[in-house]
$ cat start.txt   # compact mmCIF, C-alpha atoms
# COMPACT_ATOMS: atom_id res chain seq x y z
CA MET A 1 -12.30 -10.17 30.65
CA ALA A 2 -12.80 -12.97 28.11
CA ALA A 3 -13.23 -11.83 24.54
CA ASP A 4 -16.61 -12.29 22.90
CA THR A 5 -15.58 -13.76 19.55
CA ILE A 6 -17.46 -14.31 16.30
CA LYS A 7 -16.46 -17.98 16.31
CA ASN A 8 -18.94 -20.08 14.29
CA LYS A 9 -21.67 -17.43 14.58
CA THR A 10 -21.80 -16.81 10.83
CA ALA A 11 -21.25 -18.68 7.59
CA ILE A 12 -20.74 -18.08 3.90
CA VAL A 13 -23.82 -19.44 2.15
CA GLY A 14 -23.37 -18.10 -1.37
CA ILE A 15 -20.48 -17.52 -3.76
CA GLY A 16 -20.39 -16.01 -7.23
CA GLN A 17 -17.79 -15.13 -9.81
CA THR A 18 -17.78 -13.77 -13.32
CA ALA A 19 -15.60 -15.06 -16.11
CA PHE A 20 -11.95 -14.04 -15.89
CA GLY A 21 -10.12 -12.47 -18.78
CA LYS A 22 -8.22 -9.58 -20.28
CA GLY A 23 -10.08 -6.59 -21.64
CA LEU A 24 -13.56 -7.69 -20.60
CA PRO A 25 -16.14 -5.24 -22.00
CA ASP A 26 -18.03 -4.79 -18.72
CA THR A 27 -17.28 -2.00 -16.27
CA GLU A 28 -16.10 -2.78 -12.74
CA LEU A 29 -19.56 -1.82 -11.49
CA SER A 30 -21.26 -4.21 -13.91
CA LEU A 31 -18.88 -7.02 -12.96
CA ALA A 32 -19.52 -6.38 -9.26
CA CYS A 33 -23.28 -6.51 -9.71
CA GLN A 34 -23.06 -9.71 -11.75
CA ALA A 35 -20.93 -11.49 -9.14
CA ILE A 36 -23.17 -10.36 -6.26
CA LYS A 37 -26.32 -11.54 -8.05
CA MET A 38 -24.66 -14.91 -8.76
CA ALA A 39 -23.73 -15.27 -5.09
CA LEU A 40 -27.26 -14.43 -3.95
CA ASP A 41 -28.72 -16.94 -6.41
CA ASP A 42 -26.26 -19.53 -5.13
CA ALA A 43 -27.48 -18.88 -1.59
CA GLY A 44 -31.15 -18.70 -2.52
CA ILE A 45 -31.46 -15.26 -0.90
CA ALA A 46 -33.31 -12.34 -2.49
CA PRO A 47 -31.36 -9.12 -3.14
CA SER A 48 -33.89 -7.19 -1.06
CA GLU A 49 -32.75 -9.11 2.05
CA VAL A 50 -29.18 -7.80 1.85
CA ASP A 51 -28.55 -5.12 4.47
CA GLY A 52 -24.74 -5.20 4.81
CA LEU A 53 -21.89 -4.44 2.39
CA ALA A 54 -18.10 -4.76 2.61
CA SER A 55 -15.76 -3.79 -0.20
CA PHE A 56 -12.24 -2.67 -1.08
CA THR A 57 -11.21 0.98 -0.85
CA MET A 58 -10.05 0.51 -4.43
CA GLU A 59 -13.74 0.57 -5.39
CA PRO A 60 -14.58 4.11 -4.24
CA ASN A 61 -18.16 5.13 -3.46
CA ARG A 62 -19.59 1.98 -4.98
CA GLU A 63 -22.05 0.96 -2.24
CA VAL A 64 -24.79 3.27 -3.52
CA ASP A 65 -24.45 2.11 -7.12
CA VAL A 66 -24.33 -1.56 -6.17
CA ALA A 67 -27.36 -1.27 -3.89
CA LYS A 68 -29.40 0.46 -6.59
CA ASN A 69 -28.42 -1.79 -9.48
CA VAL A 70 -28.77 -5.13 -7.68
CA GLY A 71 -31.95 -4.05 -5.87
CA LEU A 72 -30.65 -4.45 -2.32
CA GLY A 73 -32.66 -3.64 0.80
CA GLU A 74 -32.09 -0.96 3.41
CA ILE A 75 -28.37 -1.02 4.19
CA THR A 76 -27.51 -0.84 7.90
CA PHE A 77 -23.81 -1.68 7.67
CA PHE A 78 -21.11 -0.82 5.16
CA SER A 79 -17.32 -0.80 5.38
CA GLN A 80 -14.24 -0.78 3.21
CA VAL A 81 -10.77 -2.25 3.69
CA GLY A 82 -7.59 -0.88 2.17
CA TYR A 83 -4.23 -2.17 0.97
CA GLY A 84 -5.42 -4.09 -2.09
CA GLY A 85 -4.06 -7.59 -1.70
CA GLY A 86 -4.44 -7.44 2.07
CA ALA A 87 -8.19 -6.88 1.95
CA ALA A 88 -10.02 -9.98 0.66
CA CYS A 89 -10.15 -11.77 4.00
CA GLY A 90 -10.64 -8.35 5.61
CA VAL A 91 -13.88 -7.56 3.80
CA THR A 92 -15.14 -11.10 4.37
CA GLY A 93 -14.28 -11.01 8.08
CA GLN A 94 -15.74 -7.56 8.62
CA ALA A 95 -18.98 -8.65 6.96
CA ALA A 96 -19.04 -11.66 9.29
CA MET A 97 -18.46 -9.42 12.32
CA ALA A 98 -21.35 -7.19 11.26
CA VAL A 99 -23.73 -10.15 11.04
CA ALA A 100 -22.46 -11.68 14.29
CA THR A 101 -23.03 -8.44 16.20
CA GLY A 102 -26.45 -7.68 14.76
CA GLN A 103 -25.46 -4.73 12.58
CA CYS A 104 -27.03 -6.53 9.64
CA GLU A 105 -28.59 -9.90 8.82
CA VAL A 106 -27.32 -10.65 5.32
CA ALA A 107 -23.98 -9.20 4.21
CA VAL A 108 -22.21 -9.23 0.87
CA ALA A 109 -18.47 -8.82 0.36
CA TRP A 110 -16.99 -8.48 -3.10
CA ARG A 111 -14.13 -7.40 -5.32
CA ALA A 112 -14.46 -6.26 -8.92
CA ARG A 113 -11.32 -5.43 -10.83
CA LYS A 114 -10.18 -4.38 -14.28
CA ARG A 115 -6.40 -4.42 -14.30
CA SER A 116 -5.40 -6.25 -17.47
CA ALA A 117 -4.61 -2.91 -19.15
CA LYS A 118 -1.08 -1.79 -18.29
CA ALA A 119 -2.19 1.82 -17.82
CA SER A 120 -4.52 0.74 -15.00
CA ARG A 121 -1.64 -0.29 -12.72
CA PRO A 122 -0.67 2.36 -10.16
CA TRP A 123 3.07 2.01 -10.64
CA SER A 124 2.69 2.76 -14.37
CA GLN A 125 1.64 6.32 -13.54
CA ALA A 126 4.72 8.53 -13.05
CA ALA A 127 2.98 10.96 -10.70
CA ALA A 128 2.23 8.23 -8.17
CA ARG A 129 5.89 7.36 -7.65
CA ILE A 130 6.71 10.30 -5.42
CA GLU A 131 3.53 10.89 -3.39
CA ASP A 132 4.04 8.55 -0.44
CA THR A 133 6.72 6.40 1.21
CA SER A 134 7.66 5.15 -2.24
CA MET A 135 9.62 8.39 -2.63
CA TRP A 136 12.35 6.70 -0.55
CA SER A 137 12.62 3.62 -2.77
CA ARG A 138 11.52 4.52 -6.32
CA PRO A 139 14.56 6.72 -7.07
CA PHE A 140 16.99 3.84 -6.61
CA GLY A 141 15.09 1.37 -8.77
CA LEU A 142 12.31 -0.26 -6.76
CA LEU A 143 9.66 0.82 -9.24
CA ARG A 144 7.11 -2.00 -8.97
CA PRO A 145 5.86 -4.38 -6.28
CA VAL A 146 7.86 -7.18 -7.91
CA ASP A 147 11.07 -5.21 -7.37
CA GLU A 148 10.28 -4.77 -3.68
CA ILE A 149 9.45 -8.45 -3.17
CA ALA A 150 12.60 -9.40 -5.08
CA MET A 151 14.61 -7.63 -2.35
CA LEU A 152 12.90 -9.66 0.39
CA THR A 153 13.43 -12.83 -1.64
CA ARG A 154 17.17 -12.16 -1.95
CA ARG A 155 17.38 -11.73 1.80
CA HIS A 156 15.56 -15.02 2.41
CA MET A 157 17.88 -16.78 -0.03
CA HIS A 158 20.96 -15.31 1.65
CA GLN A 159 19.79 -15.97 5.19
CA PHE A 160 18.19 -19.39 4.84
CA GLY A 161 19.47 -20.93 1.61
CA THR A 162 16.17 -20.72 -0.22
CA THR A 163 16.59 -21.55 -3.92
CA ARG A 164 14.89 -20.97 -7.23
CA ASP A 165 13.79 -24.60 -7.14
CA HIS A 166 11.72 -23.76 -4.07
CA LEU A 167 10.12 -20.87 -5.94
CA ALA A 168 9.51 -23.20 -8.88
CA ASN A 169 7.75 -25.65 -6.55
CA VAL A 170 5.21 -22.93 -5.76
CA ALA A 171 4.61 -21.94 -9.37
CA LEU A 172 4.36 -25.54 -10.57
CA ALA A 173 1.90 -26.53 -7.85
CA ALA A 174 -0.36 -23.59 -8.74
CA ARG A 175 -0.24 -24.50 -12.42
CA LYS A 176 -1.00 -28.17 -11.77
CA HIS A 177 -4.04 -27.21 -9.73
CA ALA A 178 -5.15 -24.73 -12.41
CA ASN A 179 -4.94 -27.48 -15.02
CA ARG A 180 -7.84 -29.16 -13.17
CA ASN A 181 -9.88 -25.95 -13.06
CA PRO A 182 -11.84 -25.16 -16.25
CA ASN A 183 -12.34 -21.55 -15.13
CA ALA A 184 -8.64 -20.87 -14.61
CA THR A 185 -6.99 -18.43 -16.98
CA MET A 186 -3.97 -20.73 -17.32
CA GLY A 187 -5.93 -23.95 -16.98
CA HIS A 188 -5.12 -25.02 -20.54
CA LYS A 189 -1.37 -24.41 -20.26
CA THR A 190 0.90 -26.91 -18.55
CA MET A 191 4.32 -25.90 -17.28
CA SER A 192 7.51 -27.87 -16.68
CA ARG A 193 10.37 -27.07 -14.34
CA GLU A 194 12.58 -26.55 -17.38
CA GLU A 195 10.13 -23.98 -18.77
CA TYR A 196 10.06 -22.21 -15.43
CA MET A 197 13.86 -22.01 -15.25
CA ALA A 198 14.11 -20.74 -18.84
CA ALA A 199 11.57 -17.92 -18.34
CA ARG A 200 12.70 -14.32 -18.68
CA TRP A 201 13.59 -12.28 -15.64
CA ILE A 202 11.11 -9.75 -14.33
CA SER A 203 13.14 -8.67 -11.31
CA GLU A 204 15.93 -11.04 -10.31
CA PRO A 205 15.64 -13.53 -8.70
CA LEU A 206 11.97 -13.51 -9.79
CA CYS A 207 11.13 -14.67 -13.29
CA LEU A 208 7.93 -14.41 -15.31
CA PHE A 209 6.32 -17.40 -13.62
CA ASP A 210 6.97 -16.06 -10.12
CA ASN A 211 4.42 -13.33 -10.80
CA CYS A 212 0.66 -13.33 -10.60
CA LEU A 213 -1.59 -12.75 -13.58
CA GLU A 214 -3.29 -9.42 -14.34
CA THR A 215 -7.00 -10.10 -14.66
CA ASP A 216 -10.42 -8.57 -15.18
CA GLY A 217 -13.26 -10.14 -13.21
CA ALA A 218 -15.34 -10.04 -10.05
CA LEU A 219 -16.17 -12.31 -7.11
CA ALA A 220 -18.60 -12.09 -4.20
CA VAL A 221 -19.69 -13.96 -1.09
CA VAL A 222 -22.91 -13.88 0.93
CA ILE A 223 -22.72 -14.17 4.73
CA THR A 224 -25.53 -14.74 7.20
CA SER A 225 -26.03 -16.17 10.67
CA ALA A 226 -25.10 -19.75 11.47
CA GLU A 227 -28.74 -20.44 12.34
CA ARG A 228 -30.05 -19.29 8.99
CA ALA A 229 -27.13 -20.90 7.15
CA ARG A 230 -28.36 -24.37 8.12
CA ASP A 231 -31.50 -23.80 6.06
CA CYS A 232 -29.84 -22.36 2.96
CA GLN A 233 -29.51 -24.39 -0.22
CA ARG A 234 -25.70 -24.78 -0.09
CA PRO A 235 -23.54 -26.38 2.61
CA PRO A 236 -22.34 -23.54 4.89
CA ALA A 237 -18.70 -22.65 5.37
CA TYR A 238 -18.63 -21.44 8.96
CA VAL A 239 -16.42 -18.47 9.82
CA HIS A 240 -14.45 -19.98 12.68
CA ALA A 241 -11.88 -17.21 13.19
CA PHE A 242 -10.79 -13.96 11.56
CA ALA A 243 -7.90 -11.57 12.10
CA GLN A 244 -6.13 -8.59 10.63
CA GLY A 245 -2.52 -7.62 11.21
CA LEU A 246 -0.21 -4.61 10.95
CA PRO A 247 3.06 -4.99 12.89
CA PRO A 248 4.96 -2.09 14.49
CA GLN A 249 7.17 0.02 12.24
CA HIS A 250 5.85 -1.72 9.12
CA GLN A 251 6.49 -0.25 5.70
CA THR A 252 4.31 -1.69 2.95
CA MET A 253 6.07 -4.29 0.81
CA THR A 254 9.67 -3.49 1.75
CA ASN A 255 9.46 -3.65 5.57
CA PHE A 256 12.68 -1.63 5.77
CA TYR A 257 12.09 -0.28 9.28
CA ASN A 258 11.44 -3.58 11.02
CA ASP A 259 14.19 -5.25 12.99
CA ASP A 260 13.62 -8.24 10.71
CA PRO A 261 12.07 -7.47 7.30
CA LEU A 262 11.15 -11.14 6.83
CA VAL A 263 8.79 -11.08 9.80
CA GLY A 264 5.92 -9.27 8.13
CA PRO A 265 2.17 -8.80 8.65
CA ALA A 266 1.49 -12.55 8.37
CA TRP A 267 3.14 -13.08 11.75
CA ALA A 268 1.00 -10.47 13.49
CA THR A 269 -2.15 -11.75 11.81
CA ALA A 270 -1.35 -15.37 12.64
CA ARG A 271 -0.88 -14.67 16.35
CA LYS A 272 -4.34 -13.13 16.55
CA LEU A 273 -5.98 -15.71 14.29
CA TRP A 274 -4.80 -18.76 16.22
CA SER A 275 -5.61 -17.08 19.55
CA MET A 276 -9.22 -16.77 18.39
CA ALA A 277 -9.50 -20.35 17.12
CA ASP A 278 -10.08 -23.80 18.59
CA VAL A 279 -7.74 -25.24 15.95
CA GLY A 280 -4.11 -24.71 15.01
CA PRO A 281 -1.88 -25.06 11.96
CA ALA A 282 -1.74 -28.84 12.34
CA ASP A 283 -5.52 -29.02 11.94
CA VAL A 284 -5.63 -27.15 8.62
CA LYS A 285 -6.27 -29.55 5.74
CA VAL A 286 -5.95 -27.06 2.88
CA ALA A 287 -4.73 -23.46 2.55
CA GLN A 288 -5.24 -20.67 0.05
CA LEU A 289 -2.20 -18.45 0.57
CA TYR A 290 -2.04 -15.10 -1.16
CA ASP A 291 0.34 -15.37 -4.09
CA ALA A 292 0.95 -12.14 -5.94
CA PHE A 293 4.51 -13.53 -6.07
CA SER A 294 5.78 -17.05 -5.39
CA PRO A 295 8.04 -16.14 -2.41
CA LEU A 296 4.97 -14.87 -0.52
CA ILE A 297 3.89 -18.50 -0.18
CA ILE A 298 7.18 -19.37 1.50
CA LEU A 299 6.91 -16.38 3.84
CA SER A 300 3.29 -17.25 4.67
CA LEU A 301 4.04 -20.90 5.40
CA GLU A 302 6.47 -19.67 8.04
CA GLY A 303 4.34 -16.80 9.30
CA TYR A 304 1.23 -18.92 9.85
CA GLY A 305 3.18 -21.63 11.64
CA PHE A 306 3.19 -24.51 9.15
CA CYS A 307 6.95 -24.80 9.43
CA ALA A 308 9.80 -23.25 11.39
CA ARG A 309 11.45 -19.97 10.51
CA GLY A 310 13.58 -20.34 7.39
CA GLU A 311 12.05 -23.70 6.41
CA GLY A 312 9.38 -22.40 4.06
CA GLY A 313 11.45 -23.29 0.99
CA PRO A 314 12.12 -26.95 1.87
CA PHE A 315 8.48 -27.29 3.01
CA THR A 316 7.48 -27.04 -0.68
CA ASP A 317 9.73 -29.93 -1.78
CA ASN A 318 8.49 -33.32 -2.99
CA GLY A 319 5.02 -32.09 -3.89
CA ASN A 320 4.25 -31.20 -0.28
CA ILE A 321 1.91 -28.35 -1.30
CA GLU A 322 0.14 -30.30 -4.05
CA VAL A 323 -3.17 -32.16 -3.91
CA GLY A 324 -2.68 -35.91 -3.68
CA THR A 325 0.93 -35.85 -2.52
CA GLY A 326 1.27 -33.08 0.03
CA SER A 327 0.67 -32.66 3.73
CA LEU A 328 -0.74 -29.17 3.04
CA PRO A 329 -2.22 -28.60 -0.42
CA VAL A 330 -1.97 -24.90 -1.25
CA ASN A 331 -3.87 -22.75 -3.76
CA THR A 332 -6.01 -25.51 -5.18
CA SER A 333 -7.76 -23.38 -7.80
CA GLY A 334 -4.50 -22.12 -9.30
CA ALA A 335 -4.86 -18.88 -7.31
CA GLY A 336 -3.35 -15.57 -8.40
CA MET A 337 -0.51 -17.13 -10.34
CA SER A 338 -2.53 -19.46 -12.56
CA GLU A 339 -6.29 -18.96 -12.01
CA ALA A 340 -6.82 -15.19 -11.83
CA TYR A 341 -5.49 -12.26 -9.87
CA VAL A 342 -8.41 -10.36 -8.34
CA HIS A 343 -6.61 -9.22 -5.20
CA GLY A 344 -7.09 -12.61 -3.56
CA MET A 345 -10.89 -12.72 -3.53
CA ASN A 346 -10.77 -15.91 -5.60
CA LEU A 347 -8.85 -17.50 -2.72
CA VAL A 348 -11.81 -16.84 -0.42
CA LEU A 349 -14.19 -18.59 -2.81
CA GLU A 350 -11.85 -21.55 -3.20
CA GLY A 351 -11.59 -21.83 0.59
CA VAL A 352 -15.38 -22.13 0.68
CA ARG A 353 -15.43 -24.69 -2.13
CA GLN A 354 -13.02 -26.90 -0.23
CA ILE A 355 -15.39 -26.89 2.76
CA ARG A 356 -18.34 -27.61 0.46
CA GLY A 357 -16.45 -30.42 -1.26
CA THR A 358 -16.86 -28.87 -4.72
CA SER A 359 -13.32 -27.82 -5.66
CA THR A 360 -11.90 -29.07 -8.94
CA ALA A 361 -8.85 -30.09 -6.87
CA GLN A 362 -10.74 -31.28 -3.82
CA VAL A 363 -8.77 -32.24 -0.72
CA GLU A 364 -10.21 -35.29 1.01
CA GLY A 365 -11.51 -34.56 4.50
CA ALA A 366 -11.14 -30.78 4.17
CA ASP A 367 -12.96 -29.73 7.33
CA VAL A 368 -10.65 -26.79 8.21
CA SER A 369 -9.69 -24.37 5.45
CA LEU A 370 -7.36 -21.37 5.82
CA VAL A 371 -7.40 -18.35 3.52
CA THR A 372 -4.86 -15.53 3.79
CA SER A 373 -4.50 -12.14 2.17
CA GLY A 374 -1.31 -10.44 1.07
CA GLU A 375 1.88 -10.84 3.00
CA GLY A 376 3.91 -7.63 2.63
CA VAL A 377 0.98 -5.31 3.22
CA PRO A 378 -1.34 -4.81 6.22
CA THR A 379 -3.25 -8.04 5.87
CA SER A 380 -5.95 -10.43 7.04
CA ALA A 381 -6.77 -14.12 7.31
CA ILE A 382 -9.83 -16.26 7.87
CA LEU A 383 -10.52 -19.85 8.94
CA PHE A 384 -13.48 -21.76 7.57
CA THR A 385 -14.79 -24.95 9.15
CA LYS A 386 -17.30 -27.53 8.00
CA GLU A 387 -19.01 -27.85 11.37
CA ALA A 388 -20.01 -25.06 13.70
$ encode --input "start.txt" --output "structure tokens"
Amino acid sequence: MAADTIKNKTAIVGIGQTAFGKGLPDTELSLACQAIKMALDDAGIAPSEVDGLASFTMEPNREVDVAKNVGLGEITFFSQVGYGGGAACGVTGQAAMAVATGQCEVAVAWRARKRSAKASRPWSQAAARIEDTSMWSRPFGLLRPVDEIAMLTRRHMHQFGTTRDHLANVALAARKHANRNPNATMGHKTMSREEYMAARWISEPLCLFDNCLETDGALAVVITSAERARDCQRPPAYVHAFAQGLPPQHQTMTNFYNDDPLVGPAWATARKLWSMADVGPADVKVAQLYDAFSPLIILSLEGYGFCARGEGGPFTDNGNIEVGTGSLPVNTSGAGMSEAYVHGMNLVLEGVRQIRGTSTAQVEGADVSLVTSGEGVPTSAILFTKEA
């Protein structure tokens, strides 16, 4: 039986984001409400018309508070997606599925986050280190996500010859794009390759600039039917395909139990995504690839089929992921490493901006835009197109 897909049945018609910063005075709830109201204003849709909500599990029991404070209508669909960095495309895609199947007519997906304070990070709390599968890795030194990704990076370097210069290519491209973005946290700070190489270690072989920022802020998108989208005040970004992925025997971040730890959730997600789409990797003009750490870009380039296995490092050479010089510009807002780290929700908004033609690092002819969530955790991805 042929699958009934959501292909081009819905579109993002509104986007909103608060300022990014450290130690913002607003609560996560306040930030969420602000971003949602901005997105609705952008779409020209009244809050009372919203009847669907999708959010992160990291924002517990927030639907009721958001609905009351923003003045939403009767909610007929609500869902949450877990795994932090794996969820941004997940909440967006699930909202799109709800609209496409008639569960609601106008859906909002969002992420609000206050994580600039060190005490807010889960791995800073001693009690959390021994409650789950981390009990098998924390005792021998893998204390933080960066330590776990450093292990995968070492394996990629050993197996395929990936170098620190390849990691630097990722960090430098993100910073160059951020320098064109007035809303980027690091937009005012340039970075040279020499500065990257001289940075202090965080977890070898990953240095300071291989890590994402820690940011307070919120972002939201508004999704409605393709038919209604044509009459909204902003150019629609059609949801062409959506997928989530969790491979067999996966262990979050470390992937110790897989036959090949370097074949992570991106590979499972990509197989489903491309099977649901009328386009392939060669058709993608611009990509927002989740970048909590620079090596995740290299793993995602391979997982989503932009290059062969083991060639993710060399793919970044010669400005190949930069706007103006590259065959696949990546993370054109500066993303998690140089714009803001809000669990990848800013990547979704930048994917929409590229389709609208309003990015500060606009890619010419960007009619197919890919956004991915976190490689290393159960994840998700979404394809936006300019035409339905």
$ atom_distance --input "start.txt" --atom1 "atom CA of A:Met253" --atom2 "atom CA of A:Tyr196"
24.5 Å
$ atom_distance --input "start.txt" --atom1 "atom CA of A:Ala226" --atom2 "atom CA of A:Thr10"
4.5 Å
$ closest_atom_pairs --input "start.txt" --of "stretch 333-388 of chain A" --to "stretch 236-242 of chain A" --cutoff "8 Å" --atoms "all atoms listed in the file" --output "tab-separated table"
residue	atom	partner	partner_atom	distance
A:Val352	CA	A:Ala237	CA	5.8
A:Ile355	CA	A:Ala237	CA	6.0
A:Arg356	CA	A:Ala237	CA	7.0
A:Ser380	CA	A:Phe242	CA	7.5
A:Ala381	CA	A:Phe242	CA	5.9
A:Ile382	CA	A:Phe242	CA	4.5
A:Leu383	CA	A:Ala241	CA	5.2
A:Phe384	CA	A:Val239	CA	5.0
A:Thr385	CA	A:Tyr238	CA	5.2
A:Lys386	CA	A:Ala237	CA	5.7
A:Glu387	CA	A:Tyr238	CA	6.9
A:Ala388	CA	A:Tyr238	CA	6.1
$ closest_residue --input "start.txt" --among "A:Val64, A:Leu246, A:Ala335, A:Leu301" --to "A:Gly264" --atoms "only C-alpha atoms"
A:Leu246
$ closest_atom_pairs --input "start.txt" --of "stretch 185-207 of chain A" --to "stretch 128-147 of chain A" --cutoff "9 Å" --atoms "only C-alpha atoms" --output "tab-separated table"
residue	atom	partner	partner_atom	distance
A:Ile202	CA	A:Val146	CA	7.6
A:Ser203	CA	A:Asp147	CA	5.6
A:Glu204	CA	A:Asp147	CA	8.1
A:Leu206	CA	A:Val146	CA	7.8
$ residues_around --input "start.txt" --residues "A:Gly374" --least-positions-apart "6" --cutoff "10 Å" --atoms "all atoms listed in the file" --output "ChimeraX atom specification"
/A:83-89,253,265-266,289-293,296-297,300,343-344,380-381
$ residues_around --input "start.txt" --residues "stretch 255-263 of chain A" --least-positions-apart "5" --cutoff "8 Å" --atoms "all atoms listed in the file" --output "PyMOL selection string"
chain A and resi 152+156+248-250+299+303+376
